[in-house]
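Enquirer: Sharing a structure with you now.
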Amino acid sequence: MLQGPCKAPINFDLEGTLQAPGLGPSYSSGNVWIVFSYVDRLTISGTGTFDGRGQTAWGKKCDWNEFCGNLPINLRFNFVTNSVIQDVTSKDSKQFHVNLIGCKNMTFQYFHVLAPEKSLNTDGIHIGKSTDIKIVNTTIETGDDCISIGDGSKQITITNVTCGPGHGISIGSLGKYKDEEPVKGVYVKSCTLKNTQNGVRIKTWPDSKPGAASDMHFEDITMENVGNPVLIDQEYCPFNGCKNKLPSNVKISNVSFKRIRGTSSTPLAIKLVCSGGMPCQNVVVSDINLKYNGSQGSMSSECKNVKPVVSGTLNPPVCSISH
């Protein structure tokens with residue numbers, strides 16, 4: 001626990017490899033390894049690696065069918081402001097690699113995340129209730145979302161990020177809990193996704209608590225063998241424990257997908273499935289050029305409870321009328 005407030009800027013320099021304790025028989029619970037709290041003007045740098053030794057945990061405390069929330073996160077940032085994390089590597093976290101809560105004006109640059117494709121629940125960077133967060137020139141290889149953006153996130157900029165393997169770059173899932181704060185202003189630009197389960201996606205739970213997500217823009221994205229490259233999923237239910245017949249109550253508006261190119265590993269390349277209770281508003285789809293590299297039929301798109309405004313080259317053709 002490295003806790004402020006501090007009287008001056010703090011520089012944390014990591015060289016070599018810092019190893020977390022393994023997950024032995026005596027481990028009870030706790031989701032903390034290294035935590036920075038209430039620090040202003042923090043710089044983390046160096047050529048070193050935070051090694052979470054996640055291989056001692058994956059598949060032992062939980063499996064694919066349950067959420068495993070009580071495993072240590074490599075790096076937690078709680079209410080950290082005006083700070084930079086650069087050059088260091090997060091490796092093999094037992095759970096999320098990085099978790100932000102209540103942070104403002106933070107930049108991750110030349111940051112690296114490394115974990116096997118089969119590692120469980122190892123989101124690269126998870127952002128919650130934070131404002132003005134920049135992730136630039138960063139490489140993330142992991143077993144879950146490369147970047148996940150939770151409720152209360154505002155003014156999030158993701159530029160020149162390479163993601164894969166992993167589950168893609170995700171906003172959500174939203175609407176699971178009461179009194180979630182809106183997501184507003186997410187800009188994903190000039191990123192490359194390689195061999196990921198999903199591309200760029202927005203996901204909310206069916207039968208959800210009320211919420212909102214707006215001003216989300218995905219532009220100049222390269223897909224290389226990516227499943228579900230363009231995805232809005234307001235029927236997100238990973239463990240089949242939902243009342244799917246009841247619509248999501250998260251309002252999605254002002255979304256754009258522009259200049260997205262490359263290859264899809266699934267025939268359904270564009271899926272815009274919005275809520276029957278509150279259809280998506282002002283969704284723009286422009287200049288999409290994808291090729292399906294599999295053998296399960298031809299490439300297609302799906303729209304539900306949304307009427308996207310379409311323009312430019314569209315491959316596959318995008319439904320502009322809900323059905």
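Just remember, in the structure tokens the first chain shown is A, the second B, etc., residues are 1-based per chain, and ligands are 1-based in the order shown.
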With a distance cut-off of 8 Å and only C-alpha atoms, select the neighbouring residues of range 39-56 of chain A, excluding the residue or stretch itself and same-chain residues fewer than 4 positions from it, and output the selection as a ChimeraX atom specification.
Expert: /A:3-6,8-24,60,73-74,79-95,119
Enquirer: Could you list, as a ChimeraX atom specification, every residue within 6 Å of Thr159 in chain A, counting only C-alpha atoms and ignoring same-chain residues fewer than 4 positions away?
Expert: /A:136,189-190
Enquirer: Keeping only N, CA and C atoms, write the selected residues as a short mmCIF file (atom, residue, chain, number, x, y, z; two decimals), in the first residue's frame.
Expert:
```cif
data_model
loop_
_atom_site.label_atom_id
_atom_site.label_comp_id
_atom_site.auth_asym_id
_atom_site.auth_seq_id
_atom_site.Cartn_x
_atom_site.Cartn_y
_atom_site.Cartn_z
N VAL A 136 -1.78 5.25 -24.58
CA VAL A 136 -1.18 5.50 -25.88
C VAL A 136 0.06 4.61 -26.06
N LYS A 189 -8.78 5.29 -31.24
CA LYS A 189 -8.29 5.67 -32.57
C LYS A 189 -6.96 4.98 -32.88
N SER A 190 -6.79 4.64 -34.16
CA SER A 190 -5.51 4.15 -34.67
C SER A 190 -4.99 2.96 -33.87
#
```
Enquirer: Find the residues around Cys319 in chain A up to 12 Å (only C-alpha atoms counted), leave out those fewer than 6 positions away in its own chain, and share them as a ChimeraX atom specification.
Expert: /A:270-273,283-285,300-311
Enquirer: Give me the residues near Pro206 in chain A as a list in words, where near means some atom within 8 Å (using only C-alpha atoms) and where sequence neighbours in that chain fewer than 2 positions away do not count.
Expert: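 Returned residues: Thr204, Ser208, Gln234, Glu235, Tyr236, Cys237, Cys242, Lys243, Asn244, Lys245, Leu246, Pro247, Ser248, Asn249 and Ser275 of chain A.
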Enquirer: Go ahead and save the residues from that selection, with N, CA and C atoms, as a CSV table (one decimal), in the first residue's frame.
Expert:
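Once written, part_17.csv looks like this:
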```
chain,number,residue,atom,x,y,z
A,204,THR,N,-24.0,-4.3,-22.6
A,204,THR,CA,-24.8,-4.0,-21.4
A,204,THR,C,-25.7,-5.2,-21.1
A,208,SER,N,-31.5,-4.8,-17.1
A,208,SER,CA,-30.5,-4.1,-16.3
A,208,SER,C,-31.0,-3.0,-15.4
A,234,GLN,N,-26.5,-5.4,-26.3
A,234,GLN,CA,-27.3,-5.0,-25.1
A,234,GLN,C,-28.1,-6.2,-24.6
A,235,GLU,N,-27.6,-7.4,-25.1
A,235,GLU,CA,-28.1,-8.7,-24.5
A,235,GLU,C,-27.0,-9.5,-24.0
A,236,TYR,N,-26.0,-8.8,-23.4
A,236,TYR,CA,-24.8,-9.5,-22.9
A,236,TYR,C,-25.1,-10.3,-21.7
A,237,CYS,N,-24.8,-11.6,-21.8
A,237,CYS,CA,-25.1,-12.5,-20.6
A,237,CYS,C,-24.1,-13.7,-20.7
A,242,CYS,N,-29.4,-14.8,-17.1
A,242,CYS,CA,-30.1,-13.5,-17.3
A,242,CYS,C,-31.6,-13.8,-17.7
A,243,LYS,N,-32.4,-12.8,-17.5
A,243,LYS,CA,-33.8,-12.8,-18.0
A,243,LYS,C,-33.7,-12.1,-19.3
A,244,ASN,N,-33.3,-12.8,-20.4
A,244,ASN,CA,-33.1,-12.2,-21.7
A,244,ASN,C,-34.3,-11.6,-22.3
A,245,LYS,N,-35.5,-12.0,-21.8
A,245,LYS,CA,-36.7,-11.4,-22.4
A,245,LYS,C,-36.9,-10.0,-22.0
A,246,LEU,N,-36.3,-9.5,-20.9
A,246,LEU,CA,-36.5,-8.2,-20.5
A,246,LEU,C,-35.3,-7.3,-21.0
A,247,PRO,N,-35.6,-6.2,-21.6
A,247,PRO,CA,-34.6,-5.4,-22.3
A,247,PRO,C,-33.7,-4.7,-21.3
A,248,SER,N,-32.5,-4.3,-21.8
A,248,SER,CA,-31.6,-3.5,-21.1
A,248,SER,C,-32.1,-2.1,-20.8
A,249,ASN,N,-31.8,-1.5,-19.7
A,249,ASN,CA,-32.2,-0.1,-19.4
A,249,ASN,C,-31.1,0.9,-19.5
A,275,SER,N,-31.2,-2.2,-27.2
A,275,SER,CA,-32.3,-2.5,-26.3
A,275,SER,C,-33.7,-2.3,-26.9
```
Enquirer: Mind checking DSSP for range 62-257 of chain A and telling me the strand (DSSP E) residues as a PyMOL selection string?
Expert: chain A and resi 73-78+81-86+89-91+98-101+104-109+112-114+125-128+131-141+147-149+154-163+169-174+183-194+200-204+211-226+230-233+250-257
